[in-house]
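data34.txt follows; it contains compact mmCIF, C-alpha atoms and all ligand atoms.
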```
# COMPACT_ATOMS: atom_id res chain seq x y z
CA MET I 1 -107.84 35.98 169.55
CA ILE I 2 -105.45 36.95 166.80
CA LEU I 3 -106.72 37.52 163.26
CA ASP I 4 -103.76 35.96 161.49
CA GLY I 5 -103.39 37.74 158.14
CA LYS I 6 -100.25 35.78 157.25
CA LYS I 7 -102.01 32.43 157.61
CA VAL I 8 -104.97 33.55 155.49
CA ARG I 9 -102.62 35.08 152.90
CA ASN I 10 -100.65 31.85 152.66
CA GLU I 11 -103.82 29.80 152.13
CA LEU I 12 -105.03 32.20 149.43
CA LEU I 13 -101.63 32.20 147.69
CA GLU I 14 -101.57 28.42 147.67
CA TYR I 15 -105.06 28.37 146.13
CA TYR I 16 -104.09 30.85 143.39
CA GLU I 17 -100.74 29.16 142.73
CA ASN I 18 -102.57 25.86 142.09
CA LYS I 19 -105.25 27.52 139.98
CA ILE I 20 -102.67 29.33 137.81
CA LYS I 21 -100.70 26.10 137.33
CA GLU I 22 -103.65 23.78 136.70
CA GLU I 23 -105.43 26.12 134.28
CA ASN I 24 -102.15 27.20 132.63
CA ILE I 25 -103.05 30.86 133.18
CA LYS I 26 -100.61 33.47 131.82
CA ILE I 27 -100.74 36.71 133.82
CA THR I 28 -98.39 39.70 133.62
CA LEU I 29 -98.42 42.64 136.03
CA ALA I 30 -96.82 45.95 134.97
CA ILE I 31 -95.65 48.11 137.88
CA ILE I 32 -94.80 51.76 137.22
CA TYR I 33 -92.45 53.33 139.75
CA VAL I 34 -91.81 57.04 139.28
CA GLY I 35 -89.20 58.79 141.47
CA SER I 36 -87.24 57.43 144.41
CA ASP I 37 -89.59 56.98 147.38
CA GLU I 38 -87.78 54.49 149.63
CA PRO I 39 -90.76 52.68 151.27
CA SER I 40 -92.22 52.18 147.75
CA LYS I 41 -89.17 50.07 146.87
CA ILE I 42 -90.01 47.70 149.72
CA TYR I 43 -93.69 47.51 148.70
CA ILE I 44 -92.76 46.89 145.04
CA ASN I 45 -90.26 44.16 145.93
CA ASN I 46 -92.95 42.51 148.02
CA LYS I 47 -95.44 42.59 145.14
CA ILE I 48 -92.85 41.11 142.78
CA LYS I 49 -91.92 38.41 145.31
CA TYR I 50 -95.49 37.18 145.85
CA CYS I 51 -96.44 37.43 142.18
CA GLU I 52 -93.46 35.24 141.26
CA LYS I 53 -94.35 32.82 144.04
CA VAL I 54 -97.76 32.09 142.49
CA GLY I 55 -96.54 32.12 138.86
CA ILE I 56 -97.41 35.67 137.82
CA LYS I 57 -94.87 37.53 135.67
CA THR I 58 -93.99 41.11 136.63
CA LEU I 59 -92.51 43.95 134.58
CA LEU I 60 -91.10 46.93 136.46
CA TYR I 61 -91.04 50.30 134.66
CA GLU I 62 -88.77 52.68 136.58
CA MET I 63 -89.00 56.37 135.72
CA ASP I 64 -86.86 59.11 137.25
CA GLU I 65 -87.88 61.90 139.62
CA LYS I 66 -88.20 64.47 136.82
CA THR I 67 -90.49 62.39 134.58
CA LYS I 68 -93.26 64.49 133.05
CA GLU I 69 -96.91 63.56 133.60
CA LYS I 70 -97.37 63.09 129.85
CA GLU I 71 -94.63 60.42 129.77
CA VAL I 72 -96.43 58.39 132.45
CA ILE I 73 -99.75 58.79 130.61
CA ASP I 74 -98.10 57.62 127.36
CA LEU I 75 -96.77 54.53 129.11
CA ILE I 76 -100.16 53.75 130.66
CA GLU I 77 -101.85 54.08 127.26
CA LYS I 78 -99.28 51.71 125.75
CA LEU I 79 -99.83 49.17 128.56
CA ASN I 80 -103.62 49.58 128.31
CA ASP I 81 -103.41 48.48 124.67
CA ALA I 82 -100.87 45.66 125.17
CA PRO I 83 -102.68 42.29 124.97
CA ASP I 84 -100.00 40.51 127.03
CA ILE I 85 -100.39 42.89 130.02
CA THR I 86 -103.08 41.72 132.46
CA GLY I 87 -102.73 44.35 135.17
CA ILE I 88 -101.18 47.76 135.79
CA ILE I 89 -100.17 49.36 139.09
CA LEU I 90 -98.95 52.94 139.35
CA GLN I 91 -97.01 52.93 142.62
CA SER I 92 -97.98 55.76 145.00
CA PRO I 93 -96.62 58.30 145.93
CA VAL I 94 -95.50 59.92 142.67
CA PRO I 95 -93.42 63.13 142.32
CA LYS I 96 -95.43 66.33 142.71
CA GLN I 97 -95.58 67.26 139.00
CA ILE I 98 -97.76 64.16 138.48
CA ASP I 99 -101.43 64.14 139.52
CA PHE I 100 -101.81 60.61 140.92
CA ALA I 101 -105.63 60.52 140.84
CA LYS I 102 -105.75 61.78 137.27
CA VAL I 103 -103.01 59.51 135.92
CA SER I 104 -103.99 56.33 137.78
CA GLY I 105 -107.56 57.05 136.65
CA MET I 106 -106.41 56.52 133.07
CA ILE I 107 -105.61 52.85 133.62
CA ASN I 108 -107.98 50.56 131.71
CA PRO I 109 -110.59 49.59 134.38
CA LEU I 110 -110.18 45.93 133.40
CA LYS I 111 -106.44 46.17 134.21
CA ASP I 112 -106.89 48.36 137.32
CA ILE I 113 -105.40 46.10 140.00
CA ASP I 114 -105.48 48.77 142.74
CA GLY I 115 -109.14 49.55 141.98
CA PHE I 116 -108.63 53.32 141.93
CA THR I 117 -110.32 54.17 138.61
CA LYS I 118 -113.66 55.98 138.61
CA ASP I 119 -115.26 53.03 136.87
CA ASN I 120 -114.31 50.55 139.60
CA LEU I 121 -115.02 52.94 142.48
CA TYR I 122 -118.48 53.58 140.99
CA LYS I 123 -119.07 49.83 140.88
CA LEU I 124 -117.93 49.47 144.49
CA MET I 125 -120.30 52.27 145.51
CA HIS I 126 -123.19 50.51 143.73
CA ASN I 127 -122.27 47.03 144.98
CA GLU I 128 -121.61 45.74 141.47
CA ASP I 129 -118.81 43.38 140.43
CA GLY I 130 -115.40 44.94 139.70
CA LEU I 131 -111.77 45.32 140.77
CA PHE I 132 -111.76 46.97 144.20
CA PRO I 133 -109.02 48.51 146.40
CA CYS I 134 -106.97 45.75 147.96
CA THR I 135 -106.61 46.82 151.61
CA SER I 136 -110.33 47.35 152.27
CA LYS I 137 -111.18 44.20 150.33
CA GLY I 138 -108.58 42.26 152.36
CA ILE I 139 -110.05 43.45 155.66
CA ILE I 140 -113.52 42.17 154.70
CA LYS I 141 -111.98 38.87 153.54
CA LEU I 142 -110.15 38.49 156.88
CA LEU I 143 -113.31 39.17 158.93
CA LYS I 144 -115.26 36.65 156.86
CA TYR I 145 -112.51 34.03 157.12
CA TYR I 146 -112.93 34.14 160.91
CA ASN I 147 -116.76 34.05 160.57
CA ILE I 148 -117.09 37.49 162.11
CA LYS I 149 -120.53 38.86 161.36
CA ILE I 150 -120.48 42.31 159.75
CA ALA I 151 -124.19 42.84 159.08
CA SER I 152 -125.87 45.13 161.65
CA LYS I 153 -122.59 45.69 163.51
CA ASP I 154 -121.57 49.20 164.56
CA VAL I 155 -118.26 49.77 162.80
CA CYS I 156 -116.04 52.77 163.46
CA VAL I 157 -113.56 53.53 160.67
CA ILE I 158 -110.80 55.95 161.64
CA GLY I 159 -109.19 57.67 158.65
CA ARG I 160 -110.84 58.92 155.47
CA GLY I 161 -107.93 58.41 153.07
CA ASP I 162 -108.66 57.59 149.42
CA ILE I 163 -106.70 54.32 149.58
CA VAL I 164 -108.17 52.72 152.72
CA GLY I 165 -110.80 54.70 154.66
CA LYS I 166 -113.10 55.78 151.83
CA PRO I 167 -113.31 52.43 149.96
CA LEU I 168 -113.89 50.74 153.34
CA ILE I 169 -117.06 52.77 153.84
CA PHE I 170 -118.64 51.13 150.79
CA GLU I 171 -117.26 47.65 151.48
CA LEU I 172 -118.85 47.82 154.94
CA LEU I 173 -122.15 49.29 153.75
CA ASN I 174 -122.33 46.61 151.06
CA ASN I 175 -122.05 44.12 153.93
CA ASN I 176 -124.87 45.86 155.86
CA ALA I 177 -122.80 47.35 158.67
CA THR I 178 -123.69 50.64 160.35
CA VAL I 179 -120.63 52.77 159.67
CA SER I 180 -119.22 55.85 161.39
CA ILE I 181 -116.18 57.60 159.90
CA CYS I 182 -113.77 59.50 162.12
CA HIS I 183 -110.83 61.62 160.99
CA SER I 184 -108.41 64.35 162.07
CA GLN I 185 -111.26 66.85 162.60
CA THR I 186 -113.43 64.49 164.67
CA LYS I 187 -114.13 66.22 167.99
CA ASN I 188 -114.40 63.27 170.35
CA LEU I 189 -112.93 60.09 168.87
CA LYS I 190 -113.57 58.05 172.02
CA LYS I 191 -117.32 58.74 171.79
CA TYR I 192 -117.37 56.73 168.54
CA THR I 193 -114.81 54.03 169.34
CA LYS I 194 -116.37 53.24 172.72
CA ASN I 195 -119.66 52.29 171.06
CA ALA I 196 -118.19 50.30 168.19
CA ASP I 197 -118.40 46.52 167.80
CA ILE I 198 -115.61 46.72 165.22
CA ILE I 199 -112.92 49.43 165.07
CA ILE I 200 -110.79 49.78 161.94
CA SER I 201 -107.98 52.29 162.31
CA ALA I 202 -106.24 53.53 159.14
CA VAL I 203 -104.34 56.60 160.30
CA GLY I 204 -100.62 55.99 160.88
CA HIS I 205 -100.48 57.31 164.47
CA PRO I 206 -98.95 55.00 167.10
CA LYS I 207 -101.14 54.16 170.11
CA LEU I 208 -104.05 56.23 168.82
CA ILE I 209 -106.42 53.56 170.17
CA THR I 210 -105.97 52.66 173.82
CA SER I 211 -107.79 50.33 176.20
CA ASP I 212 -110.03 53.05 177.67
CA MET I 213 -111.37 53.83 174.17
CA ILE I 214 -112.84 50.40 173.41
CA LYS I 215 -115.71 48.41 174.79
CA ASP I 216 -115.29 44.88 176.12
CA ASP I 217 -115.09 42.26 173.36
CA ALA I 218 -114.51 44.78 170.59
CA ILE I 219 -113.00 43.58 167.31
CA LEU I 220 -109.93 45.60 166.36
CA ILE I 221 -108.38 45.95 162.90
CA ASP I 222 -105.09 47.84 162.79
CA VAL I 223 -104.23 49.21 159.33
CA GLY I 224 -101.97 52.16 160.19
CA ILE I 225 -98.23 51.91 159.71
CA SER I 226 -95.63 53.98 161.58
CA VAL I 227 -91.94 53.26 161.96
CA ILE I 228 -90.46 53.76 165.42
CA GLU I 229 -86.76 53.03 165.96
CA GLY I 230 -86.76 50.97 162.77
CA LYS I 231 -89.74 48.86 163.83
CA ILE I 232 -93.22 48.87 162.27
CA VAL I 233 -96.00 49.72 164.71
CA GLY I 234 -99.72 50.17 164.15
CA ASP I 235 -102.36 52.60 165.45
CA ILE I 236 -103.57 50.33 168.24
CA ASP I 237 -101.89 49.86 171.63
CA PHE I 238 -101.73 46.09 171.17
CA GLY I 239 -100.35 45.28 174.65
CA GLY I 240 -102.93 47.47 176.35
CA VAL I 241 -106.01 46.19 174.54
CA LYS I 242 -105.25 42.53 173.83
CA ASP I 243 -106.95 41.15 176.95
CA LYS I 244 -110.03 43.35 176.60
CA CYS I 245 -110.87 42.80 172.94
CA LEU I 246 -112.37 39.70 171.32
CA TYR I 247 -110.25 39.73 168.15
CA ILE I 248 -107.29 41.83 167.03
CA THR I 249 -105.01 41.95 164.01
CA PRO I 250 -101.30 41.97 164.80
CA ASN I 251 -99.38 44.74 163.06
CA PRO I 252 -97.30 43.75 161.19
CA GLY I 253 -98.86 40.42 160.23
CA GLY I 254 -102.55 41.31 159.95
CA VAL I 255 -103.84 43.64 157.26
CA GLY I 256 -100.59 43.97 155.24
CA PRO I 257 -100.45 40.30 154.15
CA MET I 258 -104.15 40.46 153.21
CA THR I 259 -103.45 43.44 150.94
CA ILE I 260 -100.87 41.47 148.96
CA ALA I 261 -103.24 38.47 148.72
CA MET I 262 -105.92 40.76 147.27
CA ILE I 263 -103.47 42.04 144.63
CA ILE I 264 -103.07 38.44 143.47
CA GLU I 265 -106.85 37.91 143.65
CA ASN I 266 -107.47 41.04 141.56
CA LEU I 267 -104.90 39.91 138.98
CA VAL I 268 -106.63 36.56 138.52
CA LYS I 269 -110.00 38.33 138.41
CA ALA I 270 -108.69 40.82 135.82
CA TYR I 271 -107.46 37.90 133.69
CA GLU I 272 -110.89 36.24 133.86
CA MET I 273 -112.74 39.49 133.10
CA GLN I 274 -110.55 40.11 130.03
CA LYS I 275 -111.06 36.62 128.60
P1 LIG I 301 -104.04 59.11 154.53
O1 LIG I 301 -102.95 60.01 154.98
O2 LIG I 301 -104.68 59.33 153.20
O3 LIG I 301 -105.20 59.11 155.61
C1 LIG I 301 -104.96 59.21 156.99
C2 LIG I 301 -106.25 59.60 157.66
O4 LIG I 301 -106.05 59.67 159.06
C3 LIG I 301 -106.79 60.95 157.24
O5 LIG I 301 -108.10 60.78 156.73
C4 LIG I 301 -106.82 61.79 158.52
O6 LIG I 301 -107.96 62.61 158.61
C5 LIG I 301 -106.83 60.72 159.60
N1 LIG I 301 -106.22 61.18 160.85
C6 LIG I 301 -105.02 61.77 161.02
N2 LIG I 301 -104.79 62.02 162.33
C7 LIG I 301 -105.90 61.57 163.00
C8 LIG I 301 -106.26 61.54 164.36
N3 LIG I 301 -105.46 62.02 165.32
N4 LIG I 301 -107.46 60.99 164.69
C9 LIG I 301 -108.28 60.51 163.74
N5 LIG I 301 -107.97 60.49 162.43
C10 LIG I 301 -106.80 61.03 162.07
O7 LIG I 301 -103.46 57.65 154.62
P2 LIG I 301 -103.95 56.27 153.93
O8 LIG I 301 -103.29 56.12 152.62
O9 LIG I 301 -105.43 56.15 154.02
O10 LIG I 301 -103.27 55.22 154.92
C11 LIG I 301 -103.60 55.21 156.30
C12 LIG I 301 -102.60 54.38 157.07
O11 LIG I 301 -102.72 53.03 156.64
C13 LIG I 301 -101.14 54.76 156.83
O12 LIG I 301 -100.43 54.59 158.03
C14 LIG I 301 -100.68 53.76 155.79
O13 LIG I 301 -99.28 53.53 155.87
C15 LIG I 301 -101.47 52.54 156.20
N6 LIG I 301 -101.71 51.59 155.11
C16 LIG I 301 -101.54 50.28 155.39
C17 LIG I 301 -101.78 49.34 154.43
C18 LIG I 301 -101.59 47.89 154.72
O14 LIG I 301 -101.67 47.07 153.81
N7 LIG I 301 -101.35 47.53 155.98
C19 LIG I 301 -102.22 49.73 153.16
C20 LIG I 301 -102.43 51.08 152.91
C21 LIG I 301 -102.19 52.00 153.91
```
Spell out the structure here as structure tokens.
Amino acid sequence: MILDGKKVRNELLEYYENKIKEENIKITLAIIYVGSDEPSKIYINNKIKYCEKVGIKTLLYEMDEKTKEKEVIDLIEKLNDAPDITGIILQSPVPKQIDFAKVSGMINPLKDIDGFTKDNLYKLMHNEDGLFPCTSKGIIKLLKYYNIKIASKDVCVIGRGDIVGKPLIFELLNNNATVSICHSQTKNLKKYTKNADIIISAVGHPKLITSDMIKDDAILIDVGISVIEGKIVGDIDFGGVKDKCLYITPNPGGVGPMTIAMIIENLVKAYEMQK
């Protein structure tokens, strides 16, 4: 069975669009785009499109490739203090003279829509309320939408990136899963995937997960993005595994739409926390 991220996203967007309209909520998202990374343009346009769809205003701050770190910090400090700005996103990647972790860590935690500040990551680690990274949060939301039990399940996360893999560890532990983390130095990936009830792959390596690596009725979440001949493909060999697994996310159309829905959710949450 397909875990349809687009359908769930659309339902969530409709809910937030109504809420914003009915409660006359005024939300503004500031997006900072430094440099000229091409895929970032697509991601930013997508964020703007869905924000506008639900009635959230966006402001795009474009800064050129040679922008100094101090200039980005100055802008973040200005936006942190601006009462009409609800949320701030520093689009990743940034040019190499800018330390992304340091600079994004300076965003006011109450305006931290990506959930990358120390304050919010600490709260995630301690299972407290906060603004948490959108992709991992979206994956949990998708599993729960389809009534997939997480507690006591053996979950194998592949990828230990700061944006997806690491926050997922805490999201899953907070939901009482037993978690194993695999990465580029893992000796025998199949040993872990073969035992897993749920496999979540966040690598960016086409066909990393094949039919022989999963058990019958596994639940498969495909986060990775690669582009082959102009087409987006995930980490999981969809055609090879689809008849063996119980549930699978399409890619595209699974995790990506949930990420955008969680950006909207975090914006509304940020607004409510600031009130
Ligand atoms: P990252 O580069 O920080 O992490 C990739 C991880 O993959 C690393 O931890 C690395 O150890 C691991 N890895 C590499 N080769 C491996 C192998 N052969 N076997 C096992 N592990 C291996 O990337 P990230 O920012 O965490 O993103 C991961 C993927 O998810 C990327 O493809 C990215 O485009 C995608 N992504 C998708 C969404 C979405 O909304 N769908 C959001 C964010 C990221």
With distances taken over all atoms listed in the file, which of I:Phe238, I:Tyr16, I:Tyr247, I:Tyr33 is nearest to Leu220 (chain I)?
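Closest to Leu220 (chain I), using all atoms listed in the file: I:Tyr247.
Going from CA of Ala261 (chain I) over to CA of Asp154 (chain I), you cover 26.5 Å.
In this structure, CA of Ile2 (chain I) sits 14.6 Å away from CA of Ile199 (chain I).
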How close does chain I get to ligand LIG 301 (chain I)? List, as JSON lines, each residue of chain I within 7 Å, its nearest atom pair and the distance in Å to one decimal, counting all atoms listed in the file.
```
{"residue": "I:Thr135", "atom": "CA", "partner": "I:LIG301", "partner_atom": "O14", "distance": 5.4}
{"residue": "I:Ile158", "atom": "CA", "partner": "I:LIG301", "partner_atom": "N5", "distance": 5.4}
{"residue": "I:Gly159", "atom": "CA", "partner": "I:LIG301", "partner_atom": "C2", "distance": 3.7}
{"residue": "I:Arg160", "atom": "CA", "partner": "I:LIG301", "partner_atom": "O5", "distance": 3.5}
{"residue": "I:Gly161", "atom": "CA", "partner": "I:LIG301", "partner_atom": "O2", "distance": 3.4}
{"residue": "I:Asp162", "atom": "CA", "partner": "I:LIG301", "partner_atom": "O2", "distance": 5.8}
{"residue": "I:Ile163", "atom": "CA", "partner": "I:LIG301", "partner_atom": "O8", "distance": 4.9}
{"residue": "I:Val164", "atom": "CA", "partner": "I:LIG301", "partner_atom": "O9", "distance": 4.6}
{"residue": "I:Gly165", "atom": "CA", "partner": "I:LIG301", "partner_atom": "O9", "distance": 5.6}
{"residue": "I:Cys182", "atom": "CA", "partner": "I:LIG301", "partner_atom": "C9", "distance": 5.8}
{"residue": "I:His183", "atom": "CA", "partner": "I:LIG301", "partner_atom": "N5", "distance": 3.4}
{"residue": "I:Ser184", "atom": "CA", "partner": "I:LIG301", "partner_atom": "C10", "distance": 3.7}
{"residue": "I:Gln185", "atom": "CA", "partner": "I:LIG301", "partner_atom": "O6", "distance": 6.7}
{"residue": "I:Thr186", "atom": "CA", "partner": "I:LIG301", "partner_atom": "C9", "distance": 6.6}
{"residue": "I:Leu189", "atom": "CA", "partner": "I:LIG301", "partner_atom": "C9", "distance": 6.9}
{"residue": "I:Ala202", "atom": "CA", "partner": "I:LIG301", "partner_atom": "C11", "distance": 4.2}
{"residue": "I:Val203", "atom": "CA", "partner": "I:LIG301", "partner_atom": "O4", "distance": 3.7}
{"residue": "I:Gly204", "atom": "CA", "partner": "I:LIG301", "partner_atom": "O12", "distance": 3.2}
{"residue": "I:His205", "atom": "CA", "partner": "I:LIG301", "partner_atom": "N2", "distance": 6.7}
{"residue": "I:Leu208", "atom": "CA", "partner": "I:LIG301", "partner_atom": "N3", "distance": 6.9}
{"residue": "I:Val223", "atom": "CA", "partner": "I:LIG301", "partner_atom": "N7", "distance": 4.7}
{"residue": "I:Gly224", "atom": "CA", "partner": "I:LIG301", "partner_atom": "O12", "distance": 3.6}
{"residue": "I:Ile225", "atom": "CA", "partner": "I:LIG301", "partner_atom": "O12", "distance": 3.9}
{"residue": "I:Ser226", "atom": "CA", "partner": "I:LIG301", "partner_atom": "O12", "distance": 6.0}
{"residue": "I:Val255", "atom": "CA", "partner": "I:LIG301", "partner_atom": "N7", "distance": 4.8}
{"residue": "I:Gly256", "atom": "CA", "partner": "I:LIG301", "partner_atom": "O14", "distance": 3.6}
{"residue": "I:Pro257", "atom": "CA", "partner": "I:LIG301", "partner_atom": "O14", "distance": 6.9}
{"residue": "I:Thr259", "atom": "CA", "partner": "I:LIG301", "partner_atom": "O14", "distance": 5.0}
```
Using all atoms listed in the file, which residues of region 16-71 of chain I come within 10 Å of region 102-118 of chain I, and what is the closest atom pair for each, with the distance in Å to one decimal? Give it as a tab-separated table, sorted by chain and residue number.
```
residue	atom	partner	partner_atom	distance
I:Leu29	CA	I:Ile113	CA	8.7
I:Ala30	CA	I:Lys111	CA	9.7
I:Glu69	CA	I:Val103	CA	7.7
I:Lys70	CA	I:Val103	CA	9.0
```
Please tell me which residues are no farther than 12 Å from (-116.4, 41.1, 165.6) in the file, counting only C-alpha atoms, and write them as a PyMOL selection string.
chain I and resi 1-3+140+142-156+177+196-200+215-221+245-249
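Shortest separation to Asn175 (chain I) among I:Lys242, I:Lys137, I:Lys6, I:Lys187 occurs at residue I:Lys137, atoms counted being all atoms listed in the file.
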